[in-house]
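Novice: Input structure: my_file05.cif, which contains mmCIF, C-alpha atoms.
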```cif
data_run
loop_
_atom_site.group_PDB
_atom_site.id
_atom_site.type_symbol
_atom_site.label_atom_id
_atom_site.label_comp_id
_atom_site.auth_asym_id
_atom_site.auth_seq_id
_atom_site.Cartn_x
_atom_site.Cartn_y
_atom_site.Cartn_z
ATOM 1 C CA MET L 1 8.941 -16.088 -25.753
ATOM 2 C CA GLY L 2 5.387 -15.725 -26.984
ATOM 3 C CA VAL L 3 4.284 -18.864 -25.156
ATOM 4 C CA ARG L 4 5.888 -17.549 -21.965
ATOM 5 C CA VAL L 5 3.926 -14.313 -22.313
ATOM 6 C CA ILE L 6 0.707 -16.302 -22.691
ATOM 7 C CA LEU L 7 1.538 -18.320 -19.571
ATOM 8 C CA GLU L 8 2.130 -15.064 -17.689
ATOM 9 C CA GLU L 9 -1.155 -13.635 -18.967
ATOM 10 C CA ILE L 10 -2.973 -16.771 -17.833
ATOM 11 C CA GLY L 11 -1.301 -16.566 -14.432
ATOM 12 C CA VAL L 12 -0.422 -20.233 -13.998
ATOM 13 C CA ASP L 13 2.769 -21.531 -12.422
ATOM 14 C CA TYR L 14 5.247 -22.981 -14.878
ATOM 15 C CA ASP L 15 8.851 -24.104 -14.989
ATOM 16 C CA LEU L 16 11.155 -22.847 -17.721
ATOM 17 C CA ILE L 17 13.490 -25.591 -18.966
ATOM 18 C CA LEU L 18 16.452 -24.178 -20.878
ATOM 19 C CA THR L 19 18.014 -26.147 -23.720
ATOM 20 C CA GLU L 20 20.748 -25.571 -26.284
ATOM 21 C CA ILE L 21 19.482 -24.842 -29.811
ATOM 22 C CA ALA L 22 22.520 -23.268 -31.479
ATOM 23 C CA SER L 23 22.591 -24.520 -35.065
ATOM 24 C CA ASN L 24 26.251 -25.578 -34.836
ATOM 25 C CA ARG L 25 25.760 -27.776 -31.765
ATOM 26 C CA PRO L 26 24.043 -31.140 -31.309
ATOM 27 C CA ARG L 27 20.527 -31.039 -29.909
ATOM 28 C CA ASP L 28 19.765 -32.360 -26.443
ATOM 29 C CA PRO L 29 18.506 -35.958 -26.805
ATOM 30 C CA GLU L 30 15.610 -35.142 -24.479
ATOM 31 C CA LEU L 31 14.538 -32.246 -26.711
ATOM 32 C CA LEU L 32 14.708 -34.511 -29.768
ATOM 33 C CA ARG L 33 12.606 -37.128 -27.964
ATOM 34 C CA LEU L 34 9.908 -34.503 -27.339
ATOM 35 C CA ASN L 35 10.253 -32.780 -30.707
ATOM 36 C CA PRO L 36 12.174 -34.693 -33.388
ATOM 37 C CA ASN L 37 12.608 -31.425 -35.310
ATOM 38 C CA GLY L 38 14.783 -30.039 -32.525
ATOM 39 C CA TRP L 39 12.818 -26.796 -32.230
ATOM 40 C CA ILE L 40 11.391 -24.921 -29.289
ATOM 41 C CA PRO L 41 9.012 -24.275 -27.662
ATOM 42 C CA VAL L 42 7.833 -27.594 -26.318
ATOM 43 C CA LEU L 43 5.048 -27.608 -23.745
ATOM 44 C CA LEU L 44 5.023 -30.352 -21.112
ATOM 45 C CA ALA L 45 1.656 -30.763 -19.395
ATOM 46 C CA GLY L 46 1.405 -33.740 -17.078
ATOM 47 C CA ASN L 47 2.405 -36.837 -19.018
ATOM 48 C CA LEU L 48 1.802 -35.181 -22.380
ATOM 49 C CA SER L 49 3.899 -32.890 -24.539
ATOM 50 C CA MET L 50 3.322 -30.842 -27.660
ATOM 51 C CA TYR L 51 5.331 -28.626 -29.972
ATOM 52 C CA GLU L 52 4.597 -25.913 -32.578
ATOM 53 C CA CYS L 53 4.087 -22.440 -31.160
ATOM 54 C CA GLY L 54 0.764 -21.887 -32.912
ATOM 55 C CA ALA L 55 -0.667 -25.159 -31.610
ATOM 56 C CA ILE L 56 0.532 -24.443 -28.065
ATOM 57 C CA THR L 57 -1.021 -20.980 -28.267
ATOM 58 C CA VAL L 58 -4.446 -22.318 -29.216
ATOM 59 C CA PHE L 59 -4.202 -25.120 -26.648
ATOM 60 C CA LEU L 60 -3.405 -22.736 -23.778
ATOM 61 C CA CYS L 61 -6.132 -20.295 -24.796
ATOM 62 C CA ASP L 62 -8.710 -23.089 -24.902
ATOM 63 C CA ARG L 63 -7.489 -24.709 -21.684
ATOM 64 C CA HIS L 64 -7.686 -21.386 -19.824
ATOM 65 C CA VAL L 65 -10.770 -19.686 -21.214
ATOM 66 C CA GLU L 66 -10.976 -17.520 -18.092
ATOM 67 C CA ALA L 67 -7.981 -15.521 -19.384
ATOM 68 C CA ARG L 68 -10.024 -14.528 -22.457
ATOM 69 C CA LEU L 69 -7.048 -14.624 -24.796
ATOM 70 C CA ALA L 70 -9.118 -16.076 -27.642
ATOM 71 C CA PRO L 71 -12.731 -15.974 -28.793
ATOM 72 C CA ASP L 72 -14.576 -19.170 -27.957
ATOM 73 C CA GLN L 73 -15.662 -21.529 -30.712
ATOM 74 C CA PHE L 74 -19.133 -20.005 -30.979
ATOM 75 C CA GLU L 75 -17.962 -16.402 -31.405
ATOM 76 C CA PRO L 76 -17.690 -15.067 -34.976
ATOM 77 C CA GLU L 77 -14.176 -13.749 -34.336
ATOM 78 C CA ARG L 78 -12.939 -17.281 -33.640
ATOM 79 C CA MET L 79 -12.494 -17.745 -37.389
ATOM 80 C CA ARG L 80 -10.307 -14.666 -37.658
ATOM 81 C CA PHE L 81 -8.313 -15.648 -34.566
ATOM 82 C CA LEU L 82 -7.434 -19.057 -36.005
ATOM 83 C CA GLN L 83 -6.652 -17.502 -39.381
ATOM 84 C CA TRP L 84 -4.038 -15.172 -37.913
ATOM 85 C CA ILE L 85 -2.465 -17.760 -35.607
ATOM 86 C CA PHE L 86 -1.949 -20.110 -38.552
ATOM 87 C CA PHE L 87 -0.810 -17.278 -40.842
ATOM 88 C CA PHE L 88 1.801 -16.197 -38.309
ATOM 89 C CA SER L 89 2.994 -19.724 -37.539
ATOM 90 C CA SER L 90 3.244 -20.866 -41.136
ATOM 91 C CA SER L 91 3.654 -18.029 -43.623
ATOM 92 C CA LEU L 92 5.492 -15.431 -41.539
ATOM 93 C CA GLN L 93 7.662 -17.781 -39.512
ATOM 94 C CA ASN L 94 8.647 -19.595 -42.701
ATOM 95 C CA ALA L 95 9.702 -16.300 -44.305
ATOM 96 C CA TYR L 96 11.936 -15.586 -41.314
ATOM 97 C CA GLN L 97 13.468 -19.057 -41.504
ATOM 98 C CA MET L 98 14.529 -18.310 -45.083
ATOM 99 C CA THR L 99 16.821 -15.645 -43.617
ATOM 100 C CA TYR L 100 17.977 -17.273 -40.417
ATOM 101 C CA TYR L 101 18.334 -20.777 -41.893
ATOM 102 C CA SER L 102 18.814 -20.058 -45.588
ATOM 103 C CA ASP L 103 20.910 -23.220 -46.072
ATOM 104 C CA ARG L 104 17.792 -25.310 -45.462
ATOM 105 C CA PHE L 105 16.063 -23.808 -48.497
ATOM 106 C CA CYS L 106 18.675 -24.482 -51.166
ATOM 107 C CA SER L 107 20.932 -27.217 -52.455
ATOM 108 C CA THR L 108 24.233 -25.326 -52.624
ATOM 109 C CA ALA L 109 25.857 -22.555 -50.617
ATOM 110 C CA ASP L 110 25.987 -20.190 -53.607
ATOM 111 C CA GLU L 111 22.185 -20.142 -53.686
ATOM 112 C CA GLU L 112 21.821 -18.874 -50.116
ATOM 113 C CA SER L 113 22.025 -15.179 -51.028
ATOM 114 C CA SER L 114 19.092 -15.619 -53.404
ATOM 115 C CA VAL L 115 17.033 -17.283 -50.663
ATOM 116 C CA GLU L 116 17.885 -14.471 -48.239
ATOM 117 C CA ARG L 117 16.814 -11.828 -50.779
ATOM 118 C CA ARG L 118 13.530 -13.622 -51.279
ATOM 119 C CA SER L 119 13.097 -13.822 -47.506
ATOM 120 C CA ARG L 120 13.378 -10.052 -47.187
ATOM 121 C CA SER L 121 10.900 -9.368 -49.977
ATOM 122 C CA ARG L 122 8.548 -12.033 -48.618
ATOM 123 C CA LEU L 123 8.623 -10.455 -45.161
ATOM 124 C CA SER L 124 7.689 -7.099 -46.692
ATOM 125 C CA GLU L 125 4.813 -8.710 -48.582
ATOM 126 C CA LEU L 126 3.438 -10.596 -45.591
ATOM 127 C CA TRP L 127 3.742 -7.783 -43.059
ATOM 128 C CA SER L 128 1.990 -5.518 -45.574
ATOM 129 C CA VAL L 129 -0.917 -7.987 -45.653
ATOM 130 C CA VAL L 130 -1.140 -7.842 -41.852
ATOM 131 C CA ASP L 131 -0.821 -4.063 -41.770
ATOM 132 C CA GLU L 132 -3.615 -3.573 -44.294
ATOM 133 C CA ALA L 133 -5.873 -6.035 -42.485
ATOM 134 C CA ILE L 134 -5.433 -4.180 -39.188
ATOM 135 C CA GLY L 135 -6.334 -0.834 -40.676
ATOM 136 C CA GLU L 136 -7.648 1.434 -37.930
ATOM 137 C CA LYS L 137 -8.605 -1.403 -35.561
ATOM 138 C CA THR L 138 -7.286 -1.253 -31.994
ATOM 139 C CA TRP L 139 -6.204 -4.914 -32.039
ATOM 140 C CA ILE L 140 -5.883 -7.431 -34.830
ATOM 141 C CA LEU L 141 -9.343 -8.852 -34.041
ATOM 142 C CA GLY L 142 -10.910 -5.435 -33.550
ATOM 143 C CA ASN L 143 -11.600 -4.022 -30.093
ATOM 144 C CA THR L 144 -10.508 -7.094 -28.124
ATOM 145 C CA PHE L 145 -6.950 -8.014 -27.155
ATOM 146 C CA SER L 146 -6.029 -11.637 -27.849
ATOM 147 C CA ALA L 147 -3.130 -14.071 -28.077
ATOM 148 C CA ALA L 148 -2.936 -13.177 -31.774
ATOM 149 C CA ASP L 149 -1.631 -9.748 -30.731
ATOM 150 C CA ILE L 150 1.009 -11.431 -28.568
ATOM 151 C CA TYR L 151 2.026 -13.582 -31.536
ATOM 152 C CA LEU L 152 2.192 -10.497 -33.753
ATOM 153 C CA PHE L 153 4.445 -8.753 -31.236
ATOM 154 C CA MET L 154 6.727 -11.773 -30.907
ATOM 155 C CA LEU L 155 7.288 -11.876 -34.665
ATOM 156 C CA THR L 156 8.054 -8.156 -34.870
ATOM 157 C CA THR L 157 10.955 -8.756 -32.476
ATOM 158 C CA TRP L 158 12.472 -11.070 -35.078
ATOM 159 C CA LEU L 159 12.946 -8.205 -37.559
ATOM 160 C CA SER L 160 16.689 -7.657 -37.791
ATOM 161 C CA GLU L 161 18.754 -4.810 -39.205
ATOM 162 C CA LEU L 162 21.670 -7.244 -39.340
ATOM 163 C CA HIS L 163 19.747 -9.284 -41.928
ATOM 164 C CA ASP L 164 18.486 -6.190 -43.732
ATOM 165 C CA HIS L 165 14.881 -6.988 -42.899
ATOM 166 C CA PRO L 166 12.214 -4.362 -43.522
ATOM 167 C CA LYS L 167 11.835 -1.896 -40.667
ATOM 168 C CA ILE L 168 8.716 -2.069 -38.549
ATOM 169 C CA ASN L 169 8.032 1.608 -39.265
ATOM 170 C CA ALA L 170 7.089 0.518 -42.782
ATOM 171 C CA PHE L 171 4.012 -1.111 -41.237
ATOM 172 C CA PRO L 172 2.483 1.593 -38.994
ATOM 173 C CA ASN L 173 -0.590 -0.394 -37.955
ATOM 174 C CA VAL L 174 1.522 -3.396 -36.993
ATOM 175 C CA LYS L 175 3.858 -1.103 -35.061
ATOM 176 C CA ARG L 176 0.955 0.509 -33.229
ATOM 177 C CA ILE L 177 -0.279 -2.837 -31.955
ATOM 178 C CA ALA L 178 3.240 -4.046 -31.136
ATOM 179 C CA ASP L 179 3.848 -0.868 -29.111
ATOM 180 C CA HIS L 180 0.626 -1.460 -27.143
ATOM 181 C CA VAL L 181 1.491 -5.100 -26.487
ATOM 182 C CA MET L 182 4.978 -4.129 -25.308
ATOM 183 C CA LYS L 183 3.438 -2.148 -22.421
ATOM 184 C CA ARG L 184 1.687 -5.158 -20.907
ATOM 185 C CA PRO L 185 3.267 -6.367 -17.620
ATOM 186 C CA SER L 186 3.593 -9.912 -18.968
ATOM 187 C CA VAL L 187 5.585 -8.681 -21.952
ATOM 188 C CA GLU L 188 7.701 -6.306 -19.878
ATOM 189 C CA LEU L 189 8.684 -9.280 -17.721
ATOM 190 C CA VAL L 190 9.459 -11.801 -20.466
ATOM 191 C CA TYR L 191 10.979 -9.324 -22.931
ATOM 192 C CA SER L 192 12.802 -7.107 -20.425
ATOM 193 C CA SER L 193 16.173 -7.352 -22.189
ATOM 194 C CA TYR L 194 14.583 -6.642 -25.583
ATOM 195 C CA ILE L 195 12.588 -3.675 -24.285
ATOM 196 C CA SER L 196 15.622 -2.188 -22.538
ATOM 197 C CA GLN L 197 17.167 -1.605 -25.987
ATOM 198 C CA PHE L 198 14.544 1.085 -26.598
ATOM 199 C CA SER L 199 15.414 3.025 -23.448
ATOM 200 C CA GLU L 200 19.156 3.164 -24.053
#
```
Take the structure from the file and write it as structure tokens.
Specialist:
Amino acid sequence: MGVRVILEEIGVDYDLILTEIASNRPRDPELLRLNPNGWIPVLLAGNLSMYECGAITVFLCDRHVEARLAPDQFEPERMRFLQWIFFFSSSLQNAYQMTYYSDRFCSTADEESSVERRSRSRLSELWSVVDEAIGEKTWILGNTFSAADIYLFMLTTWLSELHDHPKINAFPNVKRIADHVMKRPSVELVYSSYISQFSE
């Protein structure tokens, strides 16, 4: 979803290829050929393909500098941009996986509840780090909107009451940025079904 938002922000034409990723069903052989891990998203560009959301994000930002979704390599904020993209794609996404795929983090089924508890506490810890770092800044990098804010928003949509995750209200600075991102036309288009939940 985050990659789709970035593509919309850039304004390039793209085709969305749907694939089955339910954990109880076999993966499409074509998906496994492109990404042996069986995860999405996968970006196809000409004869090349790449996976990992964070990597795709940086690639698209650098390929389409005119969209100004990332500081260029000579700007001081480039360091912070890369820091947050990698933090989101590794630390935070991994904490979510401990909830949604707890069986992958333990040897026996009776250990899954312990992994899920640690996932919830880890999410609280990591989102608190992000919230404190934002402080009173308008966006995560300061005064300039970037793909890091899109990534932040995407990950807030993964918070789930069903899994007893921390509520976003516990992180007011994160929520403030997520609320701003949600108003962008690109996000309203891609996340229309998610956003409609807030107007019901």
Novice: Which one of L:Ser102, L:Pro185, L:Pro71, L:Leu126 sits closest to Gly142 (chain L) if you count all atoms listed in the file?
Specialist: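 Of all the options, L:Pro71 lies closest to Gly142 (chain L).
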Novice: Please put the answer as JSON: centre and edge lengths, in Å with one decimal, of a box along x, y and z that encloses all listed atoms of region 81-99 of chain L plus 5 Å on each side.
Specialist:
```
{"center_x": 4.3, "center_y": -18.0, "center_z": -39.8, "size_x": 35.1, "size_y": 15.7, "size_z": 20.5}
```
Novice: For this file, the PyMOL selection byres ((chain L and resi 169) around 12) selects which residues, as a list of chain:residue names?
Specialist: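 Evaluating the PyMOL selection byres ((chain L and resi 169) around 12) on this file yields L:Ser124, L:Trp127, L:Ser128, L:Asp131, L:Thr156, L:Leu159, L:His165, L:Pro166, L:Lys167, L:Ile168, L:Ala170, L:Phe171, L:Pro172, L:Asn173, L:Val174, L:Lys175, L:Arg176, L:Ile177, L:Ala178, L:Asp179.
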Novice: For the structure provided, state which residues fall under the PyMOL selection byres ((chain L and resi 182) around 10), and present them as an mmCIF file with C-alpha atoms, in the frame of the given file.
Specialist:
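Result saved to expr28.cif:
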```cif
data_model
loop_
_atom_site.group_PDB
_atom_site.id
_atom_site.type_symbol
_atom_site.label_atom_id
_atom_site.label_comp_id
_atom_site.auth_asym_id
_atom_site.auth_seq_id
_atom_site.Cartn_x
_atom_site.Cartn_y
_atom_site.Cartn_z
ATOM 1 C CA ILE L 150 1.009 -11.431 -28.568
ATOM 2 C CA PHE L 153 4.445 -8.753 -31.236
ATOM 3 C CA MET L 154 6.727 -11.773 -30.907
ATOM 4 C CA ILE L 177 -0.279 -2.837 -31.955
ATOM 5 C CA ALA L 178 3.240 -4.046 -31.136
ATOM 6 C CA ASP L 179 3.848 -0.868 -29.111
ATOM 7 C CA HIS L 180 0.626 -1.460 -27.143
ATOM 8 C CA VAL L 181 1.491 -5.100 -26.487
ATOM 9 C CA LYS L 183 3.438 -2.148 -22.421
ATOM 10 C CA ARG L 184 1.687 -5.158 -20.907
ATOM 11 C CA PRO L 185 3.267 -6.367 -17.620
ATOM 12 C CA SER L 186 3.593 -9.912 -18.968
ATOM 13 C CA VAL L 187 5.585 -8.681 -21.952
ATOM 14 C CA GLU L 188 7.701 -6.306 -19.878
ATOM 15 C CA LEU L 189 8.684 -9.280 -17.721
ATOM 16 C CA TYR L 191 10.979 -9.324 -22.931
ATOM 17 C CA SER L 192 12.802 -7.107 -20.425
ATOM 18 C CA TYR L 194 14.583 -6.642 -25.583
ATOM 19 C CA ILE L 195 12.588 -3.675 -24.285
#
```
Novice: One decimal, in Å: what's the spacing between CA of Arg122 (chain L) and CA of Tyr96 (chain L)?
Specialist: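 Here the two named atoms are 8.8 Å from each other.
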Novice: Give the answer as one residue: which of L:Arg78, L:Val129, L:Ser121, L:Asn47 has the shortest atom-to-atom distance to Asp62 (chain L), using only C-alpha atoms?
Specialist: L:Arg78
Novice: Keeping just N, CA and C atoms, export region 78-120 of chain L of this structure as a PDB file, in the first residue's frame.
Specialist:
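Dumped everything to selection-v1.pdb:
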```
ATOM      1  N   ARG L  78      19.322  13.737   4.304  1.00  0.00           N
ATOM      2  CA  ARG L  78      19.358  12.417   3.663  1.00  0.00           C
ATOM      3  C   ARG L  78      19.702  11.337   4.688  1.00  0.00           C
ATOM      4  N   MET L  79      20.594  11.640   5.602  1.00  0.00           N
ATOM      5  CA  MET L  79      20.969  10.672   6.633  1.00  0.00           C
ATOM      6  C   MET L  79      19.764  10.265   7.463  1.00  0.00           C
ATOM      7  N   ARG L  80      18.982  11.268   7.882  1.00  0.00           N
ATOM      8  CA  ARG L  80      17.821  10.988   8.713  1.00  0.00           C
ATOM      9  C   ARG L  80      16.763  10.217   7.934  1.00  0.00           C
ATOM     10  N   PHE L  81      16.598  10.576   6.661  1.00  0.00           N
ATOM     11  CA  PHE L  81      15.627   9.883   5.803  1.00  0.00           C
ATOM     12  C   PHE L  81      15.950   8.385   5.733  1.00  0.00           C
ATOM     13  N   LEU L  82      17.205   8.065   5.415  1.00  0.00           N
ATOM     14  CA  LEU L  82      17.588   6.660   5.325  1.00  0.00           C
ATOM     15  C   LEU L  82      17.447   5.951   6.662  1.00  0.00           C
ATOM     16  N   GLN L  83      17.788   6.654   7.736  1.00  0.00           N
ATOM     17  CA  GLN L  83      17.654   6.067   9.076  1.00  0.00           C
ATOM     18  C   GLN L  83      16.225   5.602   9.318  1.00  0.00           C
ATOM     19  N   TRP L  84      15.257   6.476   9.044  1.00  0.00           N
ATOM     20  CA  TRP L  84      13.867   6.131   9.342  1.00  0.00           C
ATOM     21  C   TRP L  84      13.322   5.062   8.401  1.00  0.00           C
ATOM     22  N   ILE L  85      13.692   5.109   7.125  1.00  0.00           N
ATOM     23  CA  ILE L  85      13.225   4.068   6.207  1.00  0.00           C
ATOM     24  C   ILE L  85      13.706   2.701   6.671  1.00  0.00           C
ATOM     25  N   PHE L  86      14.961   2.603   7.072  1.00  0.00           N
ATOM     26  CA  PHE L  86      15.502   1.319   7.517  1.00  0.00           C
ATOM     27  C   PHE L  86      14.941   0.927   8.880  1.00  0.00           C
ATOM     28  N   PHE L  87      14.717   1.892   9.757  1.00  0.00           N
ATOM     29  CA  PHE L  87      14.115   1.611  11.061  1.00  0.00           C
ATOM     30  C   PHE L  87      12.709   1.044  10.876  1.00  0.00           C
ATOM     31  N   PHE L  88      11.931   1.679  10.014  1.00  0.00           N
ATOM     32  CA  PHE L  88      10.568   1.207   9.772  1.00  0.00           C
ATOM     33  C   PHE L  88      10.567  -0.185   9.146  1.00  0.00           C
ATOM     34  N   SER L  89      11.440  -0.388   8.155  1.00  0.00           N
ATOM     35  CA  SER L  89      11.402  -1.646   7.400  1.00  0.00           C
ATOM     36  C   SER L  89      12.008  -2.818   8.160  1.00  0.00           C
ATOM     37  N   SER L  90      12.861  -2.543   9.111  1.00  0.00           N
ATOM     38  CA  SER L  90      13.467  -3.637   9.866  1.00  0.00           C
ATOM     39  C   SER L  90      12.867  -3.751  11.263  1.00  0.00           C
ATOM     40  N   SER L  91      13.099  -2.781  12.100  1.00  0.00           N
ATOM     41  CA  SER L  91      12.670  -2.882  13.499  1.00  0.00           C
ATOM     42  C   SER L  91      11.158  -2.940  13.654  1.00  0.00           C
ATOM     43  N   LEU L  92      10.451  -1.961  13.091  1.00  0.00           N
ATOM     44  CA  LEU L  92       8.997  -1.911  13.301  1.00  0.00           C
ATOM     45  C   LEU L  92       8.275  -3.039  12.575  1.00  0.00           C
ATOM     46  N   GLN L  93       8.617  -3.263  11.314  1.00  0.00           N
ATOM     47  CA  GLN L  93       7.929  -4.331  10.592  1.00  0.00           C
ATOM     48  C   GLN L  93       8.190  -5.687  11.248  1.00  0.00           C
ATOM     49  N   ASN L  94       9.372  -5.897  11.764  1.00  0.00           N
ATOM     50  CA  ASN L  94       9.684  -7.147  12.439  1.00  0.00           C
ATOM     51  C   ASN L  94       8.842  -7.320  13.698  1.00  0.00           C
ATOM     52  N   ALA L  95       8.629  -6.221  14.427  1.00  0.00           N
ATOM     53  CA  ALA L  95       7.790  -6.294  15.637  1.00  0.00           C
ATOM     54  C   ALA L  95       6.357  -6.673  15.281  1.00  0.00           C
ATOM     55  N   TYR L  96       5.852  -6.142  14.172  1.00  0.00           N
ATOM     56  CA  TYR L  96       4.511  -6.524  13.727  1.00  0.00           C
ATOM     57  C   TYR L  96       4.459  -7.997  13.334  1.00  0.00           C
ATOM     58  N   GLN L  97       5.486  -8.473  12.661  1.00  0.00           N
ATOM     59  CA  GLN L  97       5.502  -9.873  12.233  1.00  0.00           C
ATOM     60  C   GLN L  97       5.437 -10.821  13.428  1.00  0.00           C
ATOM     61  N   MET L  98       5.975 -10.401  14.561  1.00  0.00           N
ATOM     62  CA  MET L  98       5.922 -11.238  15.762  1.00  0.00           C
ATOM     63  C   MET L  98       4.492 -11.449  16.236  1.00  0.00           C
ATOM     64  N   THR L  99       3.588 -10.542  15.869  1.00  0.00           N
ATOM     65  CA  THR L  99       2.169 -10.733  16.171  1.00  0.00           C
ATOM     66  C   THR L  99       1.490 -11.529  15.076  1.00  0.00           C
ATOM     67  N   TYR L 100       1.634 -11.037  13.845  1.00  0.00           N
ATOM     68  CA  TYR L 100       0.877 -11.619  12.740  1.00  0.00           C
ATOM     69  C   TYR L 100       1.397 -12.995  12.309  1.00  0.00           C
ATOM     70  N   TYR L 101       2.675 -13.257  12.562  1.00  0.00           N
ATOM     71  CA  TYR L 101       3.271 -14.542  12.187  1.00  0.00           C
ATOM     72  C   TYR L 101       4.077 -15.089  13.360  1.00  0.00           C
ATOM     73  N   SER L 102       3.450 -15.163  14.515  1.00  0.00           N
ATOM     74  CA  SER L 102       4.162 -15.547  15.736  1.00  0.00           C
ATOM     75  C   SER L 102       4.781 -16.939  15.638  1.00  0.00           C
ATOM     76  N   ASP L 103       4.183 -17.833  14.835  1.00  0.00           N
ATOM     77  CA  ASP L 103       4.715 -19.191  14.713  1.00  0.00           C
ATOM     78  C   ASP L 103       6.108 -19.223  14.100  1.00  0.00           C
ATOM     79  N   ARG L 104       6.477 -18.158  13.396  1.00  0.00           N
ATOM     80  CA  ARG L 104       7.798 -18.114  12.763  1.00  0.00           C
ATOM     81  C   ARG L 104       8.906 -17.726  13.746  1.00  0.00           C
ATOM     82  N   PHE L 105       8.513 -17.328  14.950  1.00  0.00           N
ATOM     83  CA  PHE L 105       9.487 -16.850  15.928  1.00  0.00           C
ATOM     84  C   PHE L 105       9.640 -17.791  17.115  1.00  0.00           C
ATOM     85  N   CYS L 106       9.102 -18.996  17.004  1.00  0.00           N
ATOM     86  CA  CYS L 106       9.235 -19.944  18.110  1.00  0.00           C
ATOM     87  C   CYS L 106       9.238 -21.372  17.569  1.00  0.00           C
ATOM     88  N   SER L 107       9.655 -22.273  18.428  1.00  0.00           N
ATOM     89  CA  SER L 107       9.790 -23.674  18.009  1.00  0.00           C
ATOM     90  C   SER L 107       8.507 -24.470  18.193  1.00  0.00           C
ATOM     91  N   THR L 108       7.719 -24.122  19.216  1.00  0.00           N
ATOM     92  CA  THR L 108       6.498 -24.874  19.501  1.00  0.00           C
ATOM     93  C   THR L 108       5.317 -23.926  19.647  1.00  0.00           C
ATOM     94  N   ALA L 109       4.128 -24.468  19.411  1.00  0.00           N
ATOM     95  CA  ALA L 109       2.910 -23.664  19.436  1.00  0.00           C
ATOM     96  C   ALA L 109       2.665 -23.037  20.811  1.00  0.00           C
ATOM     97  N   ASP L 110       3.072 -23.703  21.886  1.00  0.00           N
ATOM     98  CA  ASP L 110       2.799 -23.162  23.216  1.00  0.00           C
ATOM     99  C   ASP L 110       3.679 -21.952  23.553  1.00  0.00           C
ATOM    100  N   GLU L 111       4.615 -21.637  22.688  1.00  0.00           N
ATOM    101  CA  GLU L 111       5.447 -20.451  22.896  1.00  0.00           C
ATOM    102  C   GLU L 111       4.896 -19.215  22.177  1.00  0.00           C
ATOM    103  N   GLU L 112       3.893 -19.404  21.333  1.00  0.00           N
ATOM    104  CA  GLU L 112       3.402 -18.306  20.506  1.00  0.00           C
ATOM    105  C   GLU L 112       2.836 -17.153  21.335  1.00  0.00           C
ATOM    106  N   SER L 113       2.145 -17.459  22.426  1.00  0.00           N
ATOM    107  CA  SER L 113       1.565 -16.384  23.237  1.00  0.00           C
ATOM    108  C   SER L 113       2.646 -15.491  23.827  1.00  0.00           C
ATOM    109  N   SER L 114       3.781 -16.081  24.169  1.00  0.00           N
ATOM    110  CA  SER L 114       4.901 -15.296  24.695  1.00  0.00           C
ATOM    111  C   SER L 114       5.460 -14.368  23.619  1.00  0.00           C
ATOM    112  N   VAL L 115       5.584 -14.873  22.397  1.00  0.00           N
ATOM    113  CA  VAL L 115       6.066 -14.057  21.284  1.00  0.00           C
ATOM    114  C   VAL L 115       5.099 -12.908  21.021  1.00  0.00           C
ATOM    115  N   GLU L 116       3.811 -13.191  21.058  1.00  0.00           N
ATOM    116  CA  GLU L 116       2.806 -12.145  20.805  1.00  0.00           C
ATOM    117  C   GLU L 116       2.854 -11.066  21.878  1.00  0.00           C
ATOM    118  N   ARG L 117       3.054 -11.468  23.135  1.00  0.00           N
ATOM    119  CA  ARG L 117       3.171 -10.476  24.221  1.00  0.00           C
ATOM    120  C   ARG L 117       4.386  -9.590  23.993  1.00  0.00           C
ATOM    121  N   ARG L 118       5.482 -10.214  23.603  1.00  0.00           N
ATOM    122  CA  ARG L 118       6.691  -9.430  23.345  1.00  0.00           C
ATOM    123  C   ARG L 118       6.495  -8.504  22.143  1.00  0.00           C
ATOM    124  N   SER L 119       5.750  -8.950  21.164  1.00  0.00           N
ATOM    125  CA  SER L 119       5.439  -8.106  20.008  1.00  0.00           C
ATOM    126  C   SER L 119       4.719  -6.844  20.441  1.00  0.00           C
ATOM    127  N   ARG L 120       3.735  -6.986  21.307  1.00  0.00           N
ATOM    128  CA  ARG L 120       2.962  -5.818  21.747  1.00  0.00           C
ATOM    129  C   ARG L 120       3.833  -4.838  22.535  1.00  0.00           C
TER     130      ARG L 120
END
```
